[in-house]
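Structure below is upload.txt: compact mmCIF, N, CA and C atoms.
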# COMPACT_ATOMS: atom_id res chain seq x y z
N MET A 1 -58.03 -120.01 -0.17
CA MET A 1 -57.89 -118.59 -0.37
C MET A 1 -59.22 -117.87 -0.13
N LEU A 2 -60.29 -118.42 -0.69
CA LEU A 2 -61.60 -117.82 -0.51
C LEU A 2 -62.03 -117.90 0.96
N GLN A 3 -61.71 -119.01 1.60
CA GLN A 3 -62.04 -119.17 3.02
C GLN A 3 -61.31 -118.12 3.87
N GLN A 4 -60.07 -117.84 3.54
CA GLN A 4 -59.29 -116.84 4.28
C GLN A 4 -59.89 -115.45 4.09
N ARG A 5 -60.32 -115.13 2.88
CA ARG A 5 -60.94 -113.83 2.63
C ARG A 5 -62.24 -113.68 3.42
N LYS A 6 -63.02 -114.76 3.46
CA LYS A 6 -64.26 -114.74 4.22
C LYS A 6 -63.96 -114.54 5.70
N LYS A 7 -62.95 -115.21 6.20
CA LYS A 7 -62.55 -115.07 7.61
C LYS A 7 -62.09 -113.64 7.88
N ASP A 8 -61.28 -113.07 7.00
CA ASP A 8 -60.80 -111.70 7.17
C ASP A 8 -61.97 -110.71 7.16
N TYR A 9 -62.92 -110.93 6.27
CA TYR A 9 -64.09 -110.06 6.19
C TYR A 9 -64.91 -110.13 7.48
N LEU A 10 -65.15 -111.34 7.97
CA LEU A 10 -65.90 -111.50 9.21
C LEU A 10 -65.15 -110.86 10.38
N GLN A 11 -63.85 -111.03 10.41
CA GLN A 11 -63.06 -110.44 11.49
C GLN A 11 -63.14 -108.93 11.45
N ARG A 12 -63.08 -108.34 10.28
CA ARG A 12 -63.19 -106.89 10.16
C ARG A 12 -64.56 -106.40 10.63
N LEU A 13 -65.62 -107.11 10.25
CA LEU A 13 -66.96 -106.74 10.70
C LEU A 13 -67.07 -106.82 12.23
N ILE A 14 -66.51 -107.87 12.78
CA ILE A 14 -66.56 -108.04 14.24
C ILE A 14 -65.76 -106.94 14.93
N ASP A 15 -64.59 -106.63 14.40
CA ASP A 15 -63.77 -105.57 15.00
C ASP A 15 -64.50 -104.23 14.97
N GLU A 16 -65.14 -103.91 13.85
CA GLU A 16 -65.88 -102.66 13.75
C GLU A 16 -67.05 -102.64 14.72
N PHE A 17 -67.74 -103.77 14.83
CA PHE A 17 -68.88 -103.86 15.74
C PHE A 17 -68.42 -103.64 17.19
N PHE A 18 -67.33 -104.30 17.57
CA PHE A 18 -66.85 -104.17 18.94
C PHE A 18 -66.32 -102.77 19.22
N LYS A 19 -65.76 -102.13 18.23
CA LYS A 19 -65.31 -100.75 18.41
C LYS A 19 -66.50 -99.86 18.70
N LYS A 20 -67.58 -100.02 17.94
CA LYS A 20 -68.79 -99.23 18.18
C LYS A 20 -69.40 -99.59 19.53
N LEU A 21 -69.42 -100.85 19.86
CA LEU A 21 -69.98 -101.28 21.13
C LEU A 21 -69.16 -100.72 22.30
N GLN A 22 -67.86 -100.70 22.17
CA GLN A 22 -67.01 -100.14 23.23
C GLN A 22 -67.26 -98.65 23.40
N GLN A 23 -67.48 -97.93 22.29
CA GLN A 23 -67.79 -96.51 22.38
C GLN A 23 -69.10 -96.30 23.12
N VAL A 24 -70.05 -97.17 22.86
CA VAL A 24 -71.34 -97.06 23.53
C VAL A 24 -71.19 -97.33 25.02
N VAL A 25 -70.47 -98.39 25.36
CA VAL A 25 -70.32 -98.76 26.76
C VAL A 25 -69.52 -97.71 27.53
N SER A 26 -68.49 -97.17 26.91
CA SER A 26 -67.65 -96.20 27.61
C SER A 26 -68.30 -94.83 27.70
N GLY A 27 -69.40 -94.62 27.00
CA GLY A 27 -70.10 -93.36 27.10
C GLY A 27 -69.74 -92.36 26.02
N ASP A 28 -68.85 -92.75 25.09
CA ASP A 28 -68.50 -91.84 23.99
C ASP A 28 -69.70 -91.57 23.09
N ALA A 29 -70.53 -92.57 22.92
CA ALA A 29 -71.76 -92.40 22.14
C ALA A 29 -72.92 -92.30 23.13
N GLN A 30 -73.81 -91.38 22.92
CA GLN A 30 -74.90 -91.15 23.86
C GLN A 30 -76.10 -92.02 23.50
N LEU A 31 -76.15 -93.21 24.08
CA LEU A 31 -77.26 -94.12 23.88
C LEU A 31 -77.79 -94.54 25.24
N GLY A 32 -79.07 -94.87 25.27
CA GLY A 32 -79.68 -95.33 26.51
C GLY A 32 -79.35 -96.79 26.77
N ASP A 33 -79.75 -97.25 27.93
CA ASP A 33 -79.48 -98.63 28.31
C ASP A 33 -80.15 -99.62 27.36
N ALA A 34 -81.33 -99.29 26.86
CA ALA A 34 -82.03 -100.18 25.95
C ALA A 34 -81.24 -100.37 24.65
N GLU A 35 -80.68 -99.30 24.12
CA GLU A 35 -79.89 -99.39 22.90
C GLU A 35 -78.61 -100.18 23.14
N ARG A 36 -77.99 -99.99 24.30
CA ARG A 36 -76.79 -100.74 24.63
C ARG A 36 -77.08 -102.23 24.72
N GLN A 37 -78.16 -102.55 25.39
CA GLN A 37 -78.56 -103.96 25.50
C GLN A 37 -78.85 -104.55 24.13
N SER A 38 -79.48 -103.76 23.28
CA SER A 38 -79.81 -104.22 21.94
C SER A 38 -78.56 -104.51 21.12
N LEU A 39 -77.57 -103.64 21.19
CA LEU A 39 -76.31 -103.85 20.47
C LEU A 39 -75.59 -105.09 20.96
N LEU A 40 -75.56 -105.27 22.26
CA LEU A 40 -74.90 -106.45 22.81
C LEU A 40 -75.65 -107.72 22.42
N GLN A 41 -76.96 -107.64 22.41
CA GLN A 41 -77.76 -108.80 22.00
C GLN A 41 -77.47 -109.16 20.54
N GLU A 42 -77.29 -108.15 19.70
CA GLU A 42 -76.93 -108.40 18.30
C GLU A 42 -75.61 -109.15 18.20
N CYS A 43 -74.70 -108.83 19.08
CA CYS A 43 -73.40 -109.50 19.10
C CYS A 43 -73.58 -110.99 19.39
N PHE A 44 -74.36 -111.30 20.41
CA PHE A 44 -74.56 -112.71 20.76
C PHE A 44 -75.39 -113.44 19.70
N VAL A 45 -76.29 -112.74 19.04
CA VAL A 45 -77.03 -113.33 17.93
C VAL A 45 -76.07 -113.68 16.79
N PHE A 46 -75.10 -112.80 16.54
CA PHE A 46 -74.10 -113.06 15.51
C PHE A 46 -73.36 -114.37 15.80
N PHE A 47 -72.88 -114.52 17.03
CA PHE A 47 -72.17 -115.75 17.39
C PHE A 47 -73.09 -116.96 17.33
N SER A 48 -74.32 -116.78 17.68
CA SER A 48 -75.28 -117.88 17.64
C SER A 48 -75.57 -118.32 16.21
N GLU A 49 -75.81 -117.36 15.33
CA GLU A 49 -76.16 -117.68 13.95
C GLU A 49 -74.97 -118.21 13.15
N ASN A 50 -73.79 -117.62 13.35
CA ASN A 50 -72.64 -117.99 12.52
C ASN A 50 -71.81 -119.13 13.08
N PHE A 51 -71.85 -119.33 14.39
CA PHE A 51 -71.01 -120.36 14.99
C PHE A 51 -71.81 -121.35 15.84
N ASP A 52 -73.13 -121.20 15.87
CA ASP A 52 -74.01 -122.10 16.62
C ASP A 52 -73.64 -122.12 18.11
N VAL A 53 -73.33 -120.96 18.66
CA VAL A 53 -72.98 -120.84 20.07
C VAL A 53 -74.25 -120.46 20.83
N SER A 54 -74.60 -121.29 21.81
CA SER A 54 -75.81 -121.03 22.58
C SER A 54 -75.53 -120.35 23.91
N GLY A 55 -74.29 -120.39 24.36
CA GLY A 55 -73.94 -119.79 25.63
C GLY A 55 -73.83 -120.79 26.76
N SER A 56 -74.24 -122.03 26.50
CA SER A 56 -74.17 -123.04 27.56
C SER A 56 -73.05 -124.05 27.31
N GLU A 57 -72.24 -123.82 26.29
CA GLU A 57 -71.16 -124.75 25.96
C GLU A 57 -70.05 -124.68 26.99
N ASN A 58 -69.40 -125.82 27.20
CA ASN A 58 -68.18 -125.80 28.00
C ASN A 58 -67.05 -125.33 27.10
N LEU A 59 -65.88 -125.08 27.68
CA LEU A 59 -64.78 -124.49 26.91
C LEU A 59 -64.35 -125.34 25.72
N PRO A 60 -64.15 -126.65 25.86
CA PRO A 60 -63.73 -127.43 24.68
C PRO A 60 -64.75 -127.36 23.53
N MET A 61 -66.03 -127.38 23.86
CA MET A 61 -67.06 -127.30 22.83
C MET A 61 -67.07 -125.91 22.18
N LEU A 62 -66.88 -124.88 23.00
CA LEU A 62 -66.83 -123.52 22.48
C LEU A 62 -65.64 -123.33 21.55
N VAL A 63 -64.50 -123.88 21.94
CA VAL A 63 -63.29 -123.78 21.12
C VAL A 63 -63.48 -124.53 19.80
N GLU A 64 -64.21 -125.62 19.85
CA GLU A 64 -64.48 -126.38 18.62
C GLU A 64 -65.38 -125.58 17.68
N LYS A 65 -66.36 -124.88 18.24
CA LYS A 65 -67.28 -124.11 17.41
C LYS A 65 -66.64 -122.82 16.89
N ILE A 66 -65.89 -122.14 17.75
CA ILE A 66 -65.19 -120.91 17.36
C ILE A 66 -63.71 -121.24 17.39
N SER A 67 -63.20 -121.70 16.28
CA SER A 67 -61.82 -122.19 16.25
C SER A 67 -60.78 -121.08 16.14
N ASP A 68 -61.17 -119.88 15.79
CA ASP A 68 -60.23 -118.78 15.63
C ASP A 68 -60.01 -118.06 16.96
N GLY A 69 -58.75 -117.87 17.33
CA GLY A 69 -58.42 -117.24 18.60
C GLY A 69 -58.91 -115.81 18.71
N GLU A 70 -58.86 -115.05 17.63
CA GLU A 70 -59.32 -113.66 17.66
C GLU A 70 -60.82 -113.59 17.90
N LEU A 71 -61.56 -114.50 17.29
CA LEU A 71 -63.01 -114.52 17.49
C LEU A 71 -63.35 -114.96 18.92
N LEU A 72 -62.57 -115.90 19.44
CA LEU A 72 -62.77 -116.30 20.84
C LEU A 72 -62.52 -115.12 21.78
N GLU A 73 -61.49 -114.35 21.47
CA GLU A 73 -61.20 -113.18 22.29
C GLU A 73 -62.34 -112.16 22.23
N GLN A 74 -62.92 -111.99 21.05
CA GLN A 74 -64.06 -111.08 20.91
C GLN A 74 -65.26 -111.59 21.71
N TYR A 75 -65.44 -112.90 21.73
CA TYR A 75 -66.54 -113.49 22.50
C TYR A 75 -66.33 -113.23 23.99
N ALA A 76 -65.08 -113.35 24.45
CA ALA A 76 -64.77 -113.06 25.85
C ALA A 76 -65.04 -111.60 26.17
N LYS A 77 -64.71 -110.70 25.25
CA LYS A 77 -64.99 -109.27 25.45
C LYS A 77 -66.50 -109.04 25.54
N ALA A 78 -67.25 -109.75 24.71
CA ALA A 78 -68.71 -109.60 24.75
C ALA A 78 -69.27 -110.05 26.10
N LEU A 79 -68.72 -111.13 26.63
CA LEU A 79 -69.17 -111.60 27.94
C LEU A 79 -68.87 -110.56 29.03
N MET A 80 -67.70 -109.95 28.95
CA MET A 80 -67.35 -108.93 29.93
C MET A 80 -68.26 -107.71 29.78
N LEU A 81 -68.55 -107.32 28.56
CA LEU A 81 -69.44 -106.18 28.33
C LEU A 81 -70.85 -106.49 28.83
N ARG A 82 -71.29 -107.73 28.65
CA ARG A 82 -72.62 -108.11 29.14
C ARG A 82 -72.66 -107.96 30.67
N TYR A 83 -71.58 -108.34 31.32
CA TYR A 83 -71.51 -108.16 32.77
C TYR A 83 -71.56 -106.67 33.12
N ASP A 84 -70.81 -105.85 32.41
CA ASP A 84 -70.76 -104.42 32.69
C ASP A 84 -72.12 -103.74 32.50
N ILE A 85 -72.84 -104.15 31.48
CA ILE A 85 -74.09 -103.49 31.13
C ILE A 85 -75.26 -103.99 31.97
N SER A 86 -75.26 -105.27 32.30
CA SER A 86 -76.44 -105.86 32.95
C SER A 86 -76.59 -105.38 34.39
N GLU A 87 -77.80 -105.44 34.85
CA GLU A 87 -78.10 -105.05 36.22
C GLU A 87 -77.86 -106.21 37.19
N GLN A 88 -77.96 -107.46 36.70
CA GLN A 88 -77.82 -108.62 37.57
C GLN A 88 -76.37 -108.92 37.92
N LYS A 89 -75.42 -108.50 37.09
CA LYS A 89 -73.99 -108.71 37.32
C LYS A 89 -73.68 -110.20 37.56
N ASP A 90 -73.93 -111.00 36.53
CA ASP A 90 -73.66 -112.44 36.59
C ASP A 90 -72.16 -112.68 36.50
N ARG A 91 -71.55 -113.04 37.61
CA ARG A 91 -70.11 -113.26 37.65
C ARG A 91 -69.71 -114.49 36.83
N GLY A 92 -70.67 -115.32 36.50
CA GLY A 92 -70.40 -116.48 35.65
C GLY A 92 -69.88 -116.05 34.29
N ASP A 93 -70.37 -114.92 33.78
CA ASP A 93 -69.87 -114.38 32.51
C ASP A 93 -68.39 -114.04 32.62
N LEU A 94 -68.00 -113.46 33.75
CA LEU A 94 -66.60 -113.09 33.94
C LEU A 94 -65.71 -114.32 34.05
N TYR A 95 -66.16 -115.33 34.80
CA TYR A 95 -65.37 -116.55 34.93
C TYR A 95 -65.21 -117.24 33.59
N ARG A 96 -66.29 -117.26 32.83
CA ARG A 96 -66.26 -117.89 31.50
C ARG A 96 -65.30 -117.13 30.58
N ALA A 97 -65.38 -115.79 30.60
CA ALA A 97 -64.49 -114.97 29.77
C ALA A 97 -63.04 -115.17 30.18
N LEU A 98 -62.78 -115.23 31.47
CA LEU A 98 -61.42 -115.44 31.95
C LEU A 98 -60.90 -116.81 31.52
N GLU A 99 -61.75 -117.80 31.57
CA GLU A 99 -61.37 -119.15 31.12
C GLU A 99 -60.99 -119.14 29.64
N ILE A 100 -61.75 -118.41 28.85
CA ILE A 100 -61.47 -118.30 27.41
C ILE A 100 -60.13 -117.59 27.18
N VAL A 101 -59.92 -116.48 27.87
CA VAL A 101 -58.68 -115.71 27.69
C VAL A 101 -57.48 -116.54 28.11
N GLU A 102 -57.58 -117.25 29.22
CA GLU A 102 -56.45 -118.08 29.66
C GLU A 102 -56.20 -119.22 28.68
N TYR A 103 -57.25 -119.78 28.09
CA TYR A 103 -57.06 -120.81 27.07
C TYR A 103 -56.31 -120.23 25.87
N ILE A 104 -56.71 -119.05 25.43
CA ILE A 104 -56.06 -118.41 24.28
C ILE A 104 -54.59 -118.14 24.59
N GLN A 105 -54.31 -117.65 25.80
CA GLN A 105 -52.92 -117.37 26.17
C GLN A 105 -52.08 -118.65 26.16
N ASP A 106 -52.66 -119.76 26.59
CA ASP A 106 -51.93 -121.04 26.58
C ASP A 106 -51.73 -121.56 25.17
N ALA A 107 -52.75 -121.36 24.32
CA ALA A 107 -52.70 -121.91 22.96
C ALA A 107 -51.86 -121.04 22.02
N ASP A 108 -51.91 -119.73 22.21
CA ASP A 108 -51.21 -118.79 21.34
C ASP A 108 -50.10 -118.13 22.13
N LYS A 109 -48.88 -118.51 21.87
CA LYS A 109 -47.74 -118.03 22.65
C LYS A 109 -47.27 -116.64 22.26
N THR A 110 -47.86 -116.05 21.21
CA THR A 110 -47.47 -114.69 20.84
C THR A 110 -48.04 -113.71 21.86
N TYR A 111 -47.27 -112.66 22.13
CA TYR A 111 -47.68 -111.68 23.12
C TYR A 111 -48.76 -110.77 22.54
N SER A 112 -49.79 -110.52 23.32
CA SER A 112 -50.85 -109.62 22.91
C SER A 112 -51.19 -108.68 24.07
N TRP A 113 -50.90 -107.41 23.87
CA TRP A 113 -51.21 -106.42 24.90
C TRP A 113 -52.70 -106.38 25.18
N ASP A 114 -53.53 -106.44 24.14
CA ASP A 114 -54.98 -106.41 24.32
C ASP A 114 -55.46 -107.57 25.17
N ARG A 115 -54.88 -108.73 24.95
CA ARG A 115 -55.26 -109.91 25.71
C ARG A 115 -54.86 -109.78 27.18
N VAL A 116 -53.69 -109.21 27.41
CA VAL A 116 -53.23 -109.00 28.79
C VAL A 116 -54.15 -108.01 29.50
N VAL A 117 -54.51 -106.94 28.82
CA VAL A 117 -55.41 -105.93 29.40
C VAL A 117 -56.78 -106.56 29.67
N LEU A 118 -57.28 -107.35 28.74
CA LEU A 118 -58.57 -108.01 28.93
C LEU A 118 -58.52 -108.91 30.16
N ARG A 119 -57.46 -109.69 30.29
CA ARG A 119 -57.33 -110.60 31.44
C ARG A 119 -57.28 -109.80 32.74
N GLU A 120 -56.52 -108.72 32.77
CA GLU A 120 -56.43 -107.91 33.98
C GLU A 120 -57.76 -107.23 34.29
N ASP A 121 -58.48 -106.78 33.27
CA ASP A 121 -59.81 -106.21 33.49
C ASP A 121 -60.77 -107.23 34.10
N LEU A 122 -60.69 -108.44 33.59
CA LEU A 122 -61.55 -109.50 34.13
C LEU A 122 -61.19 -109.81 35.58
N LEU A 123 -59.90 -109.92 35.86
CA LEU A 123 -59.47 -110.20 37.23
C LEU A 123 -59.87 -109.05 38.17
N HIS A 124 -59.76 -107.82 37.69
CA HIS A 124 -60.17 -106.67 38.50
C HIS A 124 -61.66 -106.73 38.82
N ARG A 125 -62.48 -107.03 37.84
CA ARG A 125 -63.93 -107.13 38.07
C ARG A 125 -64.26 -108.29 39.01
N LEU A 126 -63.54 -109.38 38.89
CA LEU A 126 -63.79 -110.52 39.78
C LEU A 126 -63.34 -110.21 41.20
N GLY A 127 -62.37 -109.35 41.35
CA GLY A 127 -61.89 -108.98 42.68
C GLY A 127 -62.79 -108.02 43.42
N GLU A 128 -63.68 -107.34 42.71
CA GLU A 128 -64.58 -106.35 43.34
C GLU A 128 -65.61 -107.02 44.21
Please re-express this file's structure in structure tokens.
Amino acid sequence: MLQQRKKDYLQRLIDEFFKKLQQVVSGDAQLGDAERQSLLQECFVFFSENFDVSGSENLPMLVEKISDGELLEQYAKALMLRYDISEQKDRGDLYRALEIVEYIQDADKTYSWDRVVLREDLLHRLGE
């Protein structure tokens, strides 16, 4: 019971963070590129500190470290946002995010509109 409450609390914090981050990326909040990069870096620090994710894990190792599907989906969103914000446009982030989303779709048979939109956004960016 306590573990579930902790998970719910972490999920709520992550959802709020990603909502703010999405506002920043979409331009609703007026922040410079440095602030955007800083917010995104905080996101990856969160995953690193709480789930020991370094960014070099393969999918099975990543799934083992982040066992919750919703958190994996948030990680995929962070990878896509990093691609959108960065100047280098590392397509590896997009491929990794797409791999994560497809794994979640295979593992979780419930329909998720957000997941479908995320997958289509990733495919659109990869097609450019």
Next on the checklist: With DSSP run on the backbone, what are the alpha helix (DSSP H) residues within chain A? I'd like them as a VMD selection string.
Outcome noted: chain A and resid 2 to 26 33 to 51 59 to 65 69 to 85 91 to 107 113 to 127
Checklist entry - Which protein, DNA or RNA residues are at most 7 Å from (-61.0, -114.3, 29.0) in the file's coordinates when you count only N, CA and C atoms, listed as a PyMOL selection string? => result chain A and resi 73+76-77+94-103+118-119
Could you turn the residues from that selection into a file that holds N, CA and C atoms, as an mmCIF file, keeping the file's coordinate frame?
data_model
loop_
_atom_site.group_PDB
_atom_site.id
_atom_site.type_symbol
_atom_site.label_atom_id
_atom_site.label_comp_id
_atom_site.auth_asym_id
_atom_site.auth_seq_id
_atom_site.Cartn_x
_atom_site.Cartn_y
_atom_site.Cartn_z
ATOM 1 N N GLU A 73 -61.490 -114.350 21.470
ATOM 2 C CA GLU A 73 -61.200 -113.180 22.290
ATOM 3 C C GLU A 73 -62.340 -112.160 22.230
ATOM 4 N N ALA A 76 -65.080 -113.350 24.450
ATOM 5 C CA ALA A 76 -64.770 -113.060 25.850
ATOM 6 C C ALA A 76 -65.040 -111.600 26.170
ATOM 7 N N LYS A 77 -64.710 -110.700 25.250
ATOM 8 C CA LYS A 77 -64.990 -109.270 25.450
ATOM 9 C C LYS A 77 -66.500 -109.040 25.540
ATOM 10 N N LEU A 94 -68.000 -113.460 33.750
ATOM 11 C CA LEU A 94 -66.600 -113.090 33.940
ATOM 12 C C LEU A 94 -65.710 -114.320 34.050
ATOM 13 N N TYR A 95 -66.160 -115.330 34.800
ATOM 14 C CA TYR A 95 -65.370 -116.550 34.930
ATOM 15 C C TYR A 95 -65.210 -117.240 33.590
ATOM 16 N N ARG A 96 -66.290 -117.260 32.830
ATOM 17 C CA ARG A 96 -66.260 -117.890 31.500
ATOM 18 C C ARG A 96 -65.300 -117.130 30.580
ATOM 19 N N ALA A 97 -65.380 -115.790 30.600
ATOM 20 C CA ALA A 97 -64.490 -114.970 29.770
ATOM 21 C C ALA A 97 -63.040 -115.170 30.180
ATOM 22 N N LEU A 98 -62.780 -115.230 31.470
ATOM 23 C CA LEU A 98 -61.420 -115.440 31.950
ATOM 24 C C LEU A 98 -60.900 -116.810 31.520
ATOM 25 N N GLU A 99 -61.750 -117.800 31.570
ATOM 26 C CA GLU A 99 -61.370 -119.150 31.120
ATOM 27 C C GLU A 99 -60.990 -119.140 29.640
ATOM 28 N N ILE A 100 -61.750 -118.410 28.850
ATOM 29 C CA ILE A 100 -61.470 -118.300 27.410
ATOM 30 C C ILE A 100 -60.130 -117.590 27.180
ATOM 31 N N VAL A 101 -59.920 -116.480 27.870
ATOM 32 C CA VAL A 101 -58.680 -115.710 27.690
ATOM 33 C C VAL A 101 -57.480 -116.540 28.110
ATOM 34 N N GLU A 102 -57.580 -117.250 29.220
ATOM 35 C CA GLU A 102 -56.450 -118.080 29.660
ATOM 36 C C GLU A 102 -56.200 -119.220 28.680
ATOM 37 N N TYR A 103 -57.250 -119.780 28.090
ATOM 38 C CA TYR A 103 -57.060 -120.810 27.070
ATOM 39 C C TYR A 103 -56.310 -120.230 25.870
ATOM 40 N N LEU A 118 -57.280 -107.350 28.740
ATOM 41 C CA LEU A 118 -58.570 -108.010 28.930
ATOM 42 C C LEU A 118 -58.520 -108.910 30.160
ATOM 43 N N ARG A 119 -57.460 -109.690 30.290
ATOM 44 C CA ARG A 119 -57.330 -110.600 31.440
ATOM 45 C C ARG A 119 -57.280 -109.800 32.740
#
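Here the question is which of A:Ser67, A:Gln105, A:Ser86, A:Gln37 gets nearest to Phe51 (chain A) using only C-alpha atoms, and that residue is A:Ser67.
For the pair CA of Gly69 (chain A) and CA of Ala107 (chain A), the interatomic distance is 8.6 Å.
Take the candidates A:Ala78, A:Gln11, A:Leu40, A:Ile66 and check each one against Asp52 (chain A) using all atoms listed in the file; the shortest distance goes to A:Ile66.
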Checklist outcome for this item: Atom pair CA of Lys19 (chain A) + CA of Gln4 (chain A), distance 22.2 Å
Item to check | Nearest residue to Ile14 (chain A) from the set A:Pro60, A:Val53, A:Gln74, A:Gly127 (distances using only N, CA and C atoms) | outcome: A:Gln74
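Restricting the calculation to all atoms listed in the file, the smallest distance between Tyr75 (chain A) and any of A:Leu126, A:Glu35, A:Asn58, A:Phe47 is found for A:Phe47.
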Checklist entry - Do you have the CA of Lys65 (chain A)-CA of Ser48 (chain A) distance handy? => result 10.1 Å
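For the residues A:Glu49, A:Asp93, A:Asp8, A:Glu42, ranking by smallest atom-to-atom distance to Leu79 (chain A) using all atoms listed in the file places A:Asp93 first.
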